[in-house]
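Q: Input query_13.txt, format and content: compact mmCIF, C-alpha atoms.
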# COMPACT_ATOMS: atom_id res chain seq x y z
CA MET A 6 -15.81 -34.34 73.21
CA ALA A 7 -19.60 -34.05 73.15
CA LYS A 8 -21.47 -37.22 72.36
CA SER A 9 -23.19 -37.31 68.96
CA ARG A 10 -26.99 -37.48 69.12
CA ALA A 11 -29.19 -39.17 66.53
CA ILE A 12 -31.07 -36.84 64.20
CA PRO A 13 -34.84 -36.96 64.94
CA LYS A 14 -36.89 -38.65 62.21
CA ASP A 15 -39.06 -35.59 61.62
CA GLU A 16 -35.97 -33.44 60.98
CA LEU A 17 -34.55 -36.07 58.60
CA SER A 18 -37.84 -36.15 56.71
CA LYS A 19 -37.95 -32.37 56.51
CA VAL A 20 -34.48 -32.16 54.95
CA LEU A 21 -35.16 -34.97 52.48
CA LEU A 22 -38.43 -33.34 51.46
CA GLU A 23 -36.93 -29.87 51.08
CA SER A 24 -33.92 -31.09 49.08
CA ARG A 25 -35.75 -33.79 47.02
CA ARG A 26 -32.51 -35.73 47.65
CA ARG A 27 -30.55 -33.26 45.54
CA CYS A 28 -27.05 -32.30 46.63
CA CYS A 29 -27.05 -28.49 46.72
CA ILE A 30 -23.42 -28.30 45.56
CA CYS A 31 -24.05 -30.66 42.63
CA PHE A 32 -27.18 -28.65 41.82
CA GLY A 33 -25.09 -25.48 41.64
CA GLU A 34 -22.80 -27.29 39.20
CA GLY A 35 -25.72 -28.19 36.93
CA THR A 36 -26.90 -31.59 38.20
CA ASP A 37 -30.66 -31.40 38.76
CA LYS A 38 -31.52 -34.93 39.88
CA SER A 39 -31.62 -37.01 43.03
CA VAL A 40 -28.27 -38.55 43.94
CA ALA A 41 -26.81 -41.06 46.37
CA GLY A 42 -25.86 -39.23 49.54
CA ASP A 43 -26.72 -38.57 53.14
CA ILE A 44 -27.55 -35.78 55.56
CA ALA A 45 -24.62 -33.79 56.89
CA HIS A 46 -24.28 -31.41 59.82
CA LEU A 47 -23.05 -27.95 58.87
CA VAL A 48 -21.67 -27.56 62.38
CA PRO A 49 -20.77 -31.03 63.69
CA SER A 50 -22.83 -32.28 66.61
CA GLN A 51 -19.57 -32.89 68.44
CA SER A 52 -18.94 -29.13 68.18
CA SER A 53 -22.32 -28.20 69.63
CA GLY A 54 -24.07 -28.27 66.25
CA GLY A 55 -27.80 -28.90 66.51
CA ASN A 56 -29.92 -31.61 64.95
CA ASP A 57 -32.50 -29.19 63.61
CA ALA A 58 -33.08 -28.73 59.86
CA GLU A 59 -31.29 -25.37 59.87
CA ASN A 60 -28.02 -27.15 60.67
CA LEU A 61 -28.61 -30.04 58.28
CA VAL A 62 -28.08 -30.41 54.55
CA PHE A 63 -28.38 -33.25 52.08
CA LEU A 64 -25.09 -33.80 50.23
CA CYS A 65 -23.73 -36.39 47.86
CA LEU A 66 -21.04 -38.60 49.38
CA ASP A 67 -18.15 -36.69 47.76
CA HIS A 68 -19.36 -33.26 48.88
CA HIS A 69 -20.19 -34.55 52.36
CA ALA A 70 -16.59 -35.72 52.66
CA ALA A 71 -15.38 -32.36 51.31
CA LEU A 72 -17.39 -30.51 53.96
CA ASP A 73 -16.06 -32.75 56.73
CA ARG A 74 -12.44 -32.15 55.76
CA GLY A 75 -12.95 -28.40 55.38
CA ALA A 76 -12.68 -28.21 51.60
CA LEU A 77 -16.16 -26.63 51.54
CA SER A 78 -17.01 -23.72 53.80
CA ILE A 79 -20.18 -23.71 55.89
CA GLY A 80 -21.13 -20.36 54.37
CA ASP A 81 -20.83 -21.66 50.82
CA VAL A 82 -22.91 -24.74 51.60
CA LYS A 83 -25.60 -22.64 53.30
CA ALA A 84 -25.77 -20.34 50.28
CA ALA A 85 -25.98 -23.32 47.90
CA ARG A 86 -28.71 -24.89 50.04
CA LYS A 87 -30.69 -21.66 49.97
CA ARG A 88 -30.46 -21.45 46.17
CA LEU A 89 -31.51 -25.11 45.82
CA TYR A 90 -34.55 -24.73 48.08
CA GLU A 91 -35.64 -21.53 46.33
CA SER A 92 -35.28 -23.13 42.90
CA LEU A 93 -37.19 -26.28 43.89
CA ASN A 94 -39.98 -24.26 45.47
CA LEU A 95 -40.22 -22.16 42.30
CA GLN A 96 -40.38 -25.30 40.15
CA GLU A 97 -43.09 -26.75 42.39
CA GLY A 98 -45.04 -23.51 42.20
CA LYS A 99 -44.86 -23.49 38.40
CA LYS A 100 -45.94 -27.13 38.28
CA SER A 101 -48.88 -26.44 40.58
CA ASP A 102 -49.85 -23.39 38.52
CA SER A 103 -49.63 -25.42 35.31
CA ILE A 104 -51.91 -28.13 36.73
CA GLN A 105 -54.38 -25.50 37.90
CA ARG A 106 -54.40 -23.85 34.47
CA PHE A 107 -54.99 -27.20 32.76
CA LYS A 108 -57.88 -28.08 35.08
CA GLN A 109 -59.42 -24.67 34.44
CA TYR A 110 -59.00 -25.13 30.69
CA GLU A 111 -60.32 -28.69 30.76
CA GLY A 112 -63.41 -27.71 32.71
CA ARG A 113 -64.28 -24.87 30.37
CA VAL A 114 -63.67 -27.02 27.27
CA ILE A 115 -66.02 -29.68 28.62
CA ASP A 116 -68.70 -27.05 29.30
CA LEU A 117 -68.31 -25.74 25.77
CA LEU A 118 -68.54 -29.23 24.23
CA ARG A 119 -71.60 -29.98 26.35
CA ASN A 120 -73.30 -26.86 25.02
CA GLU A 121 -72.29 -27.62 21.43
CA THR A 122 -73.59 -31.20 21.70
CA PHE A 123 -76.90 -29.98 23.16
CA ARG A 124 -77.22 -27.50 20.30
CA HIS A 125 -76.96 -30.32 17.74
CA VAL A 126 -78.87 -33.20 19.37
CA GLY A 127 -80.81 -31.67 22.23
CA ASP A 128 -80.64 -33.52 25.52
CA PHE A 129 -80.40 -36.95 23.89
CA PHE A 130 -76.85 -37.59 25.07
CA SER A 131 -74.88 -38.44 28.20
CA LEU A 132 -71.52 -37.01 29.15
CA GLU A 133 -68.99 -38.55 31.52
CA ARG A 134 -65.78 -36.92 32.68
CA GLU A 135 -62.65 -39.07 33.10
CA PRO A 136 -64.36 -42.47 32.82
CA LYS A 137 -62.29 -45.66 32.94
CA ILE A 138 -63.17 -47.81 29.93
CA LEU A 139 -62.12 -51.39 29.21
CA GLY A 140 -60.41 -51.50 25.83
CA HIS A 141 -60.10 -54.21 23.19
CA SER A 142 -56.55 -54.70 24.50
CA GLY A 143 -57.93 -55.92 27.82
CA LEU A 144 -56.60 -52.83 29.60
CA SER A 145 -58.78 -50.27 31.33
CA ARG A 146 -57.93 -46.76 30.14
CA THR A 147 -58.99 -43.35 31.42
CA ILE A 148 -60.23 -40.83 28.86
CA ASP A 149 -60.80 -37.11 29.45
CA LEU A 150 -64.40 -37.09 28.21
CA ALA A 151 -66.90 -39.65 26.89
CA ILE A 152 -70.05 -38.51 25.08
CA ARG A 153 -72.71 -41.08 24.20
CA LEU A 154 -75.20 -39.89 21.62
CA ARG A 155 -78.50 -41.61 22.34
CA ALA A 156 -80.12 -39.68 19.47
CA LEU A 157 -77.78 -41.47 17.05
CA GLY A 158 -78.11 -45.04 18.32
CA GLY A 159 -75.85 -44.60 21.34
CA ILE A 160 -72.62 -44.07 19.42
CA LEU A 161 -69.60 -43.29 21.54
CA VAL A 162 -67.53 -40.12 21.02
CA LEU A 163 -64.30 -39.86 23.00
CA VAL A 164 -62.41 -36.63 23.63
CA GLU A 165 -58.83 -36.09 24.78
CA ILE A 166 -57.83 -32.59 25.93
CA ARG A 167 -54.29 -31.19 25.76
CA PHE A 168 -52.98 -27.95 27.25
CA SER A 169 -49.62 -27.15 25.70
CA THR A 170 -47.19 -24.36 24.86
CA ARG A 171 -46.51 -25.83 21.41
CA GLU A 172 -48.37 -27.33 18.48
CA LEU A 173 -49.11 -31.04 18.83
CA THR A 174 -47.11 -33.45 16.68
CA VAL A 175 -47.84 -36.48 14.48
CA SER A 176 -46.85 -38.89 17.26
CA GLU A 177 -49.31 -37.27 19.67
CA VAL A 178 -52.11 -37.51 17.10
CA GLU A 179 -51.26 -41.17 16.45
CA ALA A 180 -51.21 -41.93 20.19
CA ALA A 181 -54.66 -40.38 20.61
CA SER A 182 -55.97 -42.31 17.61
CA ALA A 183 -54.67 -45.60 19.03
CA LEU A 184 -56.40 -44.84 22.34
CA PHE A 185 -59.71 -44.04 20.60
CA GLN A 186 -59.54 -47.26 18.58
CA ASP A 187 -58.72 -49.42 21.58
CA LEU A 188 -61.69 -48.01 23.51
CA GLY A 189 -64.10 -48.55 20.64
CA ALA A 190 -64.94 -44.94 19.82
CA ALA A 191 -67.12 -44.29 16.80
CA LYS A 192 -65.45 -40.88 16.72
CA GLY A 193 -62.39 -39.52 18.48
CA ILE A 194 -61.63 -35.84 18.98
CA LEU A 195 -58.35 -34.30 20.13
CA VAL A 196 -58.65 -30.79 21.59
CA CYS A 197 -55.66 -28.51 22.14
CA ASN A 198 -55.17 -24.84 22.96
CA SER A 199 -51.99 -24.40 20.93
CA GLY A 200 -52.97 -26.03 17.65
CA PHE A 201 -51.40 -28.77 15.54
CA ARG A 202 -48.43 -29.06 13.23
CA LYS A 203 -49.22 -29.26 9.53
CA GLU A 204 -48.12 -32.88 9.22
CA ALA A 205 -50.19 -33.76 12.31
CA ILE A 206 -53.29 -32.34 10.62
CA THR A 207 -52.60 -34.42 7.50
CA ARG A 208 -52.15 -37.54 9.63
CA ALA A 209 -55.38 -36.89 11.56
CA LYS A 210 -57.32 -36.75 8.29
CA SER A 211 -55.98 -40.15 7.27
CA LEU A 212 -56.87 -41.56 10.70
CA SER A 213 -60.36 -39.98 10.63
CA ILE A 214 -60.05 -38.29 14.03
CA GLY A 215 -61.21 -34.78 14.75
CA LEU A 216 -58.84 -31.96 15.71
CA VAL A 217 -60.22 -28.93 17.50
CA GLN A 218 -58.26 -25.88 18.61
CA ILE A 219 -59.80 -23.96 21.49
CA ASP A 220 -57.71 -20.99 22.51
CA ALA A 221 -56.94 -20.43 26.17
CA ASN A 222 -57.19 -17.21 28.11
CA PRO A 223 -53.56 -16.36 29.02
CA GLU A 224 -54.67 -15.20 32.48
CA ASP A 225 -56.25 -18.42 33.76
CA GLY A 226 -56.11 -21.00 30.98
CA SER A 227 -59.83 -20.86 30.21
CA PRO A 228 -61.25 -20.70 26.67
CA PRO A 229 -63.05 -17.33 26.76
CA SER A 230 -65.79 -17.87 24.19
CA SER A 231 -67.03 -20.09 21.35
CA ASP A 232 -65.56 -17.70 18.76
CA LYS A 233 -62.15 -19.02 19.80
CA VAL A 234 -63.02 -22.53 18.61
CA THR A 235 -61.35 -23.71 15.40
CA TYR A 236 -62.44 -27.03 13.88
CA VAL A 237 -59.16 -28.02 12.26
CA VAL A 238 -60.25 -31.44 10.98
Using structure tokens, write down the structure that the file contains.

A:
Amino acid sequence: MAKSRAIPKDELSKVLLESRRRCCICFGEGTDKSVAGDIAHLVPSQSSGGNDAENLVFLCLDHHAALDRGALSIGDVKAARKRLYESLNLQEGKKSDSIQRFKQYEGRVIDLLRNETFRHVGDFFSLEREPKILGHSGLSRTIDLAIRLRALGGILVLVEIRFSTRELTVSEVEAASALFQDLGAAKGILVCNSGFRKEAITRAKSLSIGLVQIDANPEDGSPPSSDKVTYVV
């Protein structure tokens, strides 16, 4: 019998990264989360199976045991592994695309707000992107945009930007309002591409925060022009 060789660390890391510690068989059965398990050989090392990632798969303990006793075929596990990797890569791609679209949207919104502020007060203002501000709570919080209006005694306007596929809710408006209050904003503005639910608009009025809808270009997430700006509250 051939002696078993330890799996190289780089191959172990590759399998764990590719699988995100998800058992491909459990994933096929509807469990999309990391599980307790270990790395199994499709072809055992004692039977001349290699220690490369192609011959390795992350399985939960039960399915590892099932593979070892022959209750799972190598072909079925390979097919399940392929589906898992393809699905995870697709999810990662969508996540990356979503982040890119938000950053594009955020940047264009900030440019638009800079232009709008200049139109009203000239260059008597400063604008800071993603500053960390110490709040009344004693916690430092990061805000999407801080505008200080020197022309109006240096009052602080804080802006939070949301990129969503749905209208924002009351709880999201209340969370933004609490953040603005903690950071000492004279005025808080919540910007979103997808708008706000009716009850959220009513709540924003009672909290005295501004709601602005700026539509996003479906191609890249950018707001195409100022005629797509709706001052909701």

Q: Would you work out the distance separating CA of Asp15 in chain A from CA of Ile79 in chain A, expressed in Å to one decimal?

A: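 We find that CA of Asp15 in chain A and CA of Ile79 in chain A lie 23.0 Å from each other.
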
Q: Find the residue from A:Ala85, A:Ala221, A:Ala180, A:Cys29 that sits nearest to Ala205 in chain A; use all atoms listed in the file when measuring.

A: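 Closest to Ala205 in chain A, using all atoms listed in the file: A:Ala180.
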
Q: Find, counting all atoms listed in the file, the residue in A:Arg88, A:Arg106, A:Arg25, A:Arg167 that gets nearest to Val217 in chain A.

A: A:Arg167

Q: Between A:Glu165, A:Glu97, A:Glu172, A:Asp187, which is the closest to Leu118 in chain A once you count only C-alpha atoms?

A: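 Residue with the minimum atom-to-atom distance to Leu118 in chain A: A:Glu165.
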
Q: Restrict the calculation to only C-alpha atoms, then for each residue of range 45-115 of chain A with any atom at most 12 Å from an atom of range 145-156 of chain A give the closest atom pair and their distance in Å to one decimal, rows by chain and rising residue number, as a Markdown table.

A:
| residue | atom | partner | partner_atom | distance |
| --- | --- | --- | --- | --- |
| A:Phe107 | CA | A:Asp149 | CA | 12.0 |
| A:Lys108 | CA | A:Asp149 | CA | 11.0 |
| A:Glu111 | CA | A:Asp149 | CA | 8.5 |
| A:Gly112 | CA | A:Asp149 | CA | 10.3 |
| A:Val114 | CA | A:Leu150 | CA | 10.1 |
| A:Ile115 | CA | A:Leu150 | CA | 7.6 |

Q: So how far away is CA of Leu216 in chain A from CA of Leu195 in chain A, in Å?

A: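 Result for CA of Leu195 in chain A versus CA of Leu216 in chain A: 5.0 Å, one decimal.
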
Q: How many Å lie between CA of Glu16 in chain A and CA of Gly33 in chain A, rounded to one decimal?

A: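 Taking CA of Glu16 in chain A and CA of Gly33 in chain A, their separation equals 23.6 Å.
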
Q: Write out as a PDB file with C-alpha atoms, keeping the file's coordinate frame which residues come within 12 Å of Leu93 in chain A when counting all atoms listed in the file, dropping same-chain ones fewer than 5 positions away.

A:
ATOM      1  CA  LEU A  22     -38.430 -33.340  51.460  1.00  0.00           C
ATOM      2  CA  GLU A  23     -36.930 -29.870  51.080  1.00  0.00           C
ATOM      3  CA  SER A  24     -33.920 -31.090  49.080  1.00  0.00           C
ATOM      4  CA  ARG A  25     -35.750 -33.790  47.020  1.00  0.00           C
ATOM      5  CA  ARG A  26     -32.510 -35.730  47.650  1.00  0.00           C
ATOM      6  CA  ARG A  27     -30.550 -33.260  45.540  1.00  0.00           C
ATOM      7  CA  CYS A  29     -27.050 -28.490  46.720  1.00  0.00           C
ATOM      8  CA  PHE A  32     -27.180 -28.650  41.820  1.00  0.00           C
ATOM      9  CA  ASP A  37     -30.660 -31.400  38.760  1.00  0.00           C
ATOM     10  CA  LYS A  38     -31.520 -34.930  39.880  1.00  0.00           C
ATOM     11  CA  ARG A  86     -28.710 -24.890  50.040  1.00  0.00           C
ATOM     12  CA  LYS A  87     -30.690 -21.660  49.970  1.00  0.00           C
ATOM     13  CA  ARG A  88     -30.460 -21.450  46.170  1.00  0.00           C
ATOM     14  CA  GLY A  98     -45.040 -23.510  42.200  1.00  0.00           C
ATOM     15  CA  LYS A  99     -44.860 -23.490  38.400  1.00  0.00           C
ATOM     16  CA  LYS A 100     -45.940 -27.130  38.280  1.00  0.00           C
TER      17      LYS A 100
END

Q: Of the candidates A:Asp67, A:Leu188, A:Glu59, A:Tyr90, which shows the shortest atom-to-atom distance to Leu144 in chain A, using all atoms listed in the file?

A: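 Under the stated criterion, the closest residue is A:Leu188.
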
Q: Considering all atoms listed in the file, can you say which of A:Gly158, A:Ser103, A:Gly140, A:Pro49 comes closest to Val126 in chain A?

A: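 Checking each of A:Gly158, A:Ser103, A:Gly140, A:Pro49 against Val126 in chain A, counting all atoms listed in the file, the winner is A:Gly158.
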
Q: So that all listed atoms of range 181-188 of chain A fit with 5 Å spare on each side, what axis-aligned box centre and edge lengths in Å, to one decimal, would you give as JSON?

A:
{"center_x": -58.2, "center_y": -44.9, "center_z": 20.6, "size_x": 17.0, "size_y": 19.0, "size_z": 15.9}

Q: When you count all atoms listed in the file, which of these residues is closest to Arg208 in chain A: A:Gly35, A:Thr235, A:Leu173, A:Gln109?

A: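 Checking each of A:Gly35, A:Thr235, A:Leu173, A:Gln109 against Arg208 in chain A, counting all atoms listed in the file, the winner is A:Leu173.
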